[in-house]
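Single-structure report; data block below.
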Amino acid sequence: MTKLTVVVTCSDRKSETPQVGLRVRDLPKAGLDVRSAMWRSRLGGAGGARLLAGLYRGESWSLVPDVMASAQQAGFTPRLLVASAGLGLRDANSLAPAYAATFALRQQDSVGETAADLRGWWHTLHAAPGALDPDRELRGPLLLVLSHAYAAAMSADLEALGRRSDDVLLVGGAGDIPGITRLPADRGLRAALGGTSTGLTTRMAHRWLAGLTRPSLTCSARMGEWRTWADDARRDESWARQPLDDLEVLQFIREARAGDPGMSRTRALRKLRDSGKACEQSRFAVLYRRVVSES
C-alpha cells in the first residue's frame with residue numbers, strides 16, 4: 001500500500017494540566033532565542049510524559065481517527081504527525097509532557113507577537129527534544145490539515161515542500177503555496193459537513209479522502225468532483241448575531257468554563273459566536289479576565 005503522512009495541528013485542550021514551567025506564559029521576558037532555549041531545556045527535563053495521541057482533546061482532534069480510517073480505505077498506509085507550537089513536529093505515537101503553547105496571537109501562551117516571531121520559534125523547535133526534521137519527514141504523499149496560524153509559522157518548510165513537487169494536499173492553511181494543492185477552509189460547507197467551525201478543515205480532509213477511488217491524493221478527477229459537490233453544498237452562513245450585554249456574556253463564560261475549566265479566551269469567544277451570539281473581541285477579553293480572576 002502507498003504510504004501517506006498526515007500532519008495535523010495540536011490542540012490547546014489537553015487531557016492533563018501542564019505543570020508550572022511548561023507554559024509559555026511562565027517564560028521570562030527575553031529575546032526569542034533565549035526564551036526558546038529555556039523552553040527546550042524545560043521540555044528535556046520534564047517528567048510525566050504520555051502518549052501524544054492521548055494528550056489532545058477537542059472537536060478537531062476527535063475527528064482525526066476518521067481521517068486515518070478514510071485514508072486506509074482509500075488504499076494508503078497512513079502515519080500521523082502533529083505540528084505543535086510547544087514540541088515541533090512529532091509522531092503522534094511519541095511521548096511528551098502536557099504543555100501550553102500556541103501560534104495563535106494575543107493569547108496567554110502565544111510564542112510570539114509577530115509573524116516573524118512565529119516562524120523563528122518554529123525553526124528553533126526543530127532542535128526540541130524528540131522533534132522530527134521537517135525536511136526529512138515532510139515527503140509526499142502528504143496530507144496537511146493546518147490552521148492559518150500554524151501554516152504561517154511553518155511557511156518556510158511548506159515552501160520547501162512545494163519546490164519538491166510531491167503529491168501534497170493542504171487543507172486550510174494561510175495561503176496558496178506553489179507546488180502544493182490546497183483546499184482553503186470554506187465555512188460555507190459547514191452545514192453540509194456538520195459540526196462547528198473548529199472541526200471544519202478536519203471534516204473537509206475526511207470527505208476528500210472518502211471520495212478517492214485510488215491512492216492518488218491530488219488527482220485532477222477528485223478535484224473536479226470536489227468542486228462540483230462544494231458548489232452545490234455551499235451555503236451562506238452570514239447572519240445577524242444576537243448582541244449580549246455584559247451580564248449575559250459573564251454568565252456565558254462562567255457556564256462555558258464550568259464545563260471546561262481550561263477553555264481559552266479565544267475558544268470561548270468562538271463558542272459564543274458559533275451559538276449565534278455577538279460580543280466585541282475587546283469587551284469579551286475584559287469580561288473573560290474578570291471571570292478568570294474569580295477562580
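Letters A, B, ... go to the chains of the C-alpha cells in the order shown; residues in each chain start at 1; ligands are counted from 1 in the same order.
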
Do you know which residues are at most 8 Å from Gly120 of chain A counting only C-alpha atoms, after dropping those on the same chain fewer than 4 positions away, and could you put them as a list in words?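 With the cut-off at 8 Å, the set is Leu32, Ala116, Thr124 and Ala153 of chain A.
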
Residue neighbourhood Arg290 of chain A, 12 Å, only C-alpha atoms, exclusion window fewer than 4 positions, as a VMD selection string: chain A and resid 246 to 247 249 to 251 253 to 254 265 283 to 286 294 to 295

Please produce an output containing C-alpha atoms for each residue in the selection, written as a PDB file, in the first residue's frame.
ATOM      1  CA  ASP A 246     -22.135  42.329  29.991  1.00  0.00           C
ATOM      2  CA  LEU A 247     -24.127  40.261  32.466  1.00  0.00           C
ATOM      3  CA  VAL A 249     -21.621  37.454  28.482  1.00  0.00           C
ATOM      4  CA  LEU A 250     -20.281  36.910  32.008  1.00  0.00           C
ATOM      5  CA  GLN A 251     -22.860  34.183  32.578  1.00  0.00           C
ATOM      6  CA  ILE A 253     -18.250  32.499  30.162  1.00  0.00           C
ATOM      7  CA  ARG A 254     -18.882  31.116  33.659  1.00  0.00           C
ATOM      8  CA  ARG A 265     -10.492  33.111  25.756  1.00  0.00           C
ATOM      9  CA  ARG A 283     -15.078  43.700  25.521  1.00  0.00           C
ATOM     10  CA  PHE A 284     -15.103  39.908  25.665  1.00  0.00           C
ATOM     11  CA  ALA A 285     -11.414  39.904  26.700  1.00  0.00           C
ATOM     12  CA  VAL A 286     -12.120  42.207  29.650  1.00  0.00           C
ATOM     13  CA  GLU A 294     -12.986  34.945  40.262  1.00  0.00           C
ATOM     14  CA  SER A 295     -11.476  31.442  40.209  1.00  0.00           C
TER      15      SER A 295
END

Can you check which residues of segment 75-233 of chain A DSSP gives as strand (DSSP E or B) on the backbone and send them as a PyMOL selection string? chain A and resi 76-84+88-91+95-96+100+102+110+142-146+168-172+181-183

Can you pull out the residues contacting Ile177 of chain A? Cut-off 9 Å, using only C-alpha atoms, and skip same-chain residues under 2 positions away; I want them as a ChimeraX atom specification. /A:155,158-159,162,175,179-182

Mind checking which residues fall within 8 Å of Met154 of chain A, counting only C-alpha atoms, ignoring those fewer than 3 positions away in the same chain, and posting them as a ChimeraX atom specification? /A:119,122,150-151,157-158

Give me, as a VMD selection string, all polymer residues having an atom no more than 12 Å from Ser94 of chain A, counting only C-alpha atoms and skipping those fewer than 5 positions away in the same chain. chain A and resid 49 to 55 80 to 82 87 89 129 to 132

With C-alpha atoms retained, could you export that selection as a CSV table (one decimal), in the first residue's frame?
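Below you can see result15.csv, which holds the result:
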chain,number,residue,atom,x,y,z
A,49,ALA,CA,5.4,12.2,29.6
A,50,ARG,CA,2.5,10.5,28.0
A,51,LEU,CA,1.4,9.4,24.5
A,52,LEU,CA,0.6,12.4,22.4
A,53,ALA,CA,-2.4,10.7,20.8
A,54,GLY,CA,-4.0,10.6,24.2
A,55,LEU,CA,-2.9,14.1,25.3
A,80,LEU,CA,0.1,10.6,11.9
A,81,LEU,CA,2.3,13.5,12.8
A,82,VAL,CA,1.5,16.5,15.0
A,87,LEU,CA,7.1,20.4,20.7
A,89,LEU,CA,6.9,18.2,14.5
A,129,PRO,CA,13.7,17.0,22.4
A,130,GLY,CA,12.1,14.3,20.3
A,131,ALA,CA,11.3,16.7,17.4
A,132,LEU,CA,11.4,15.3,13.8
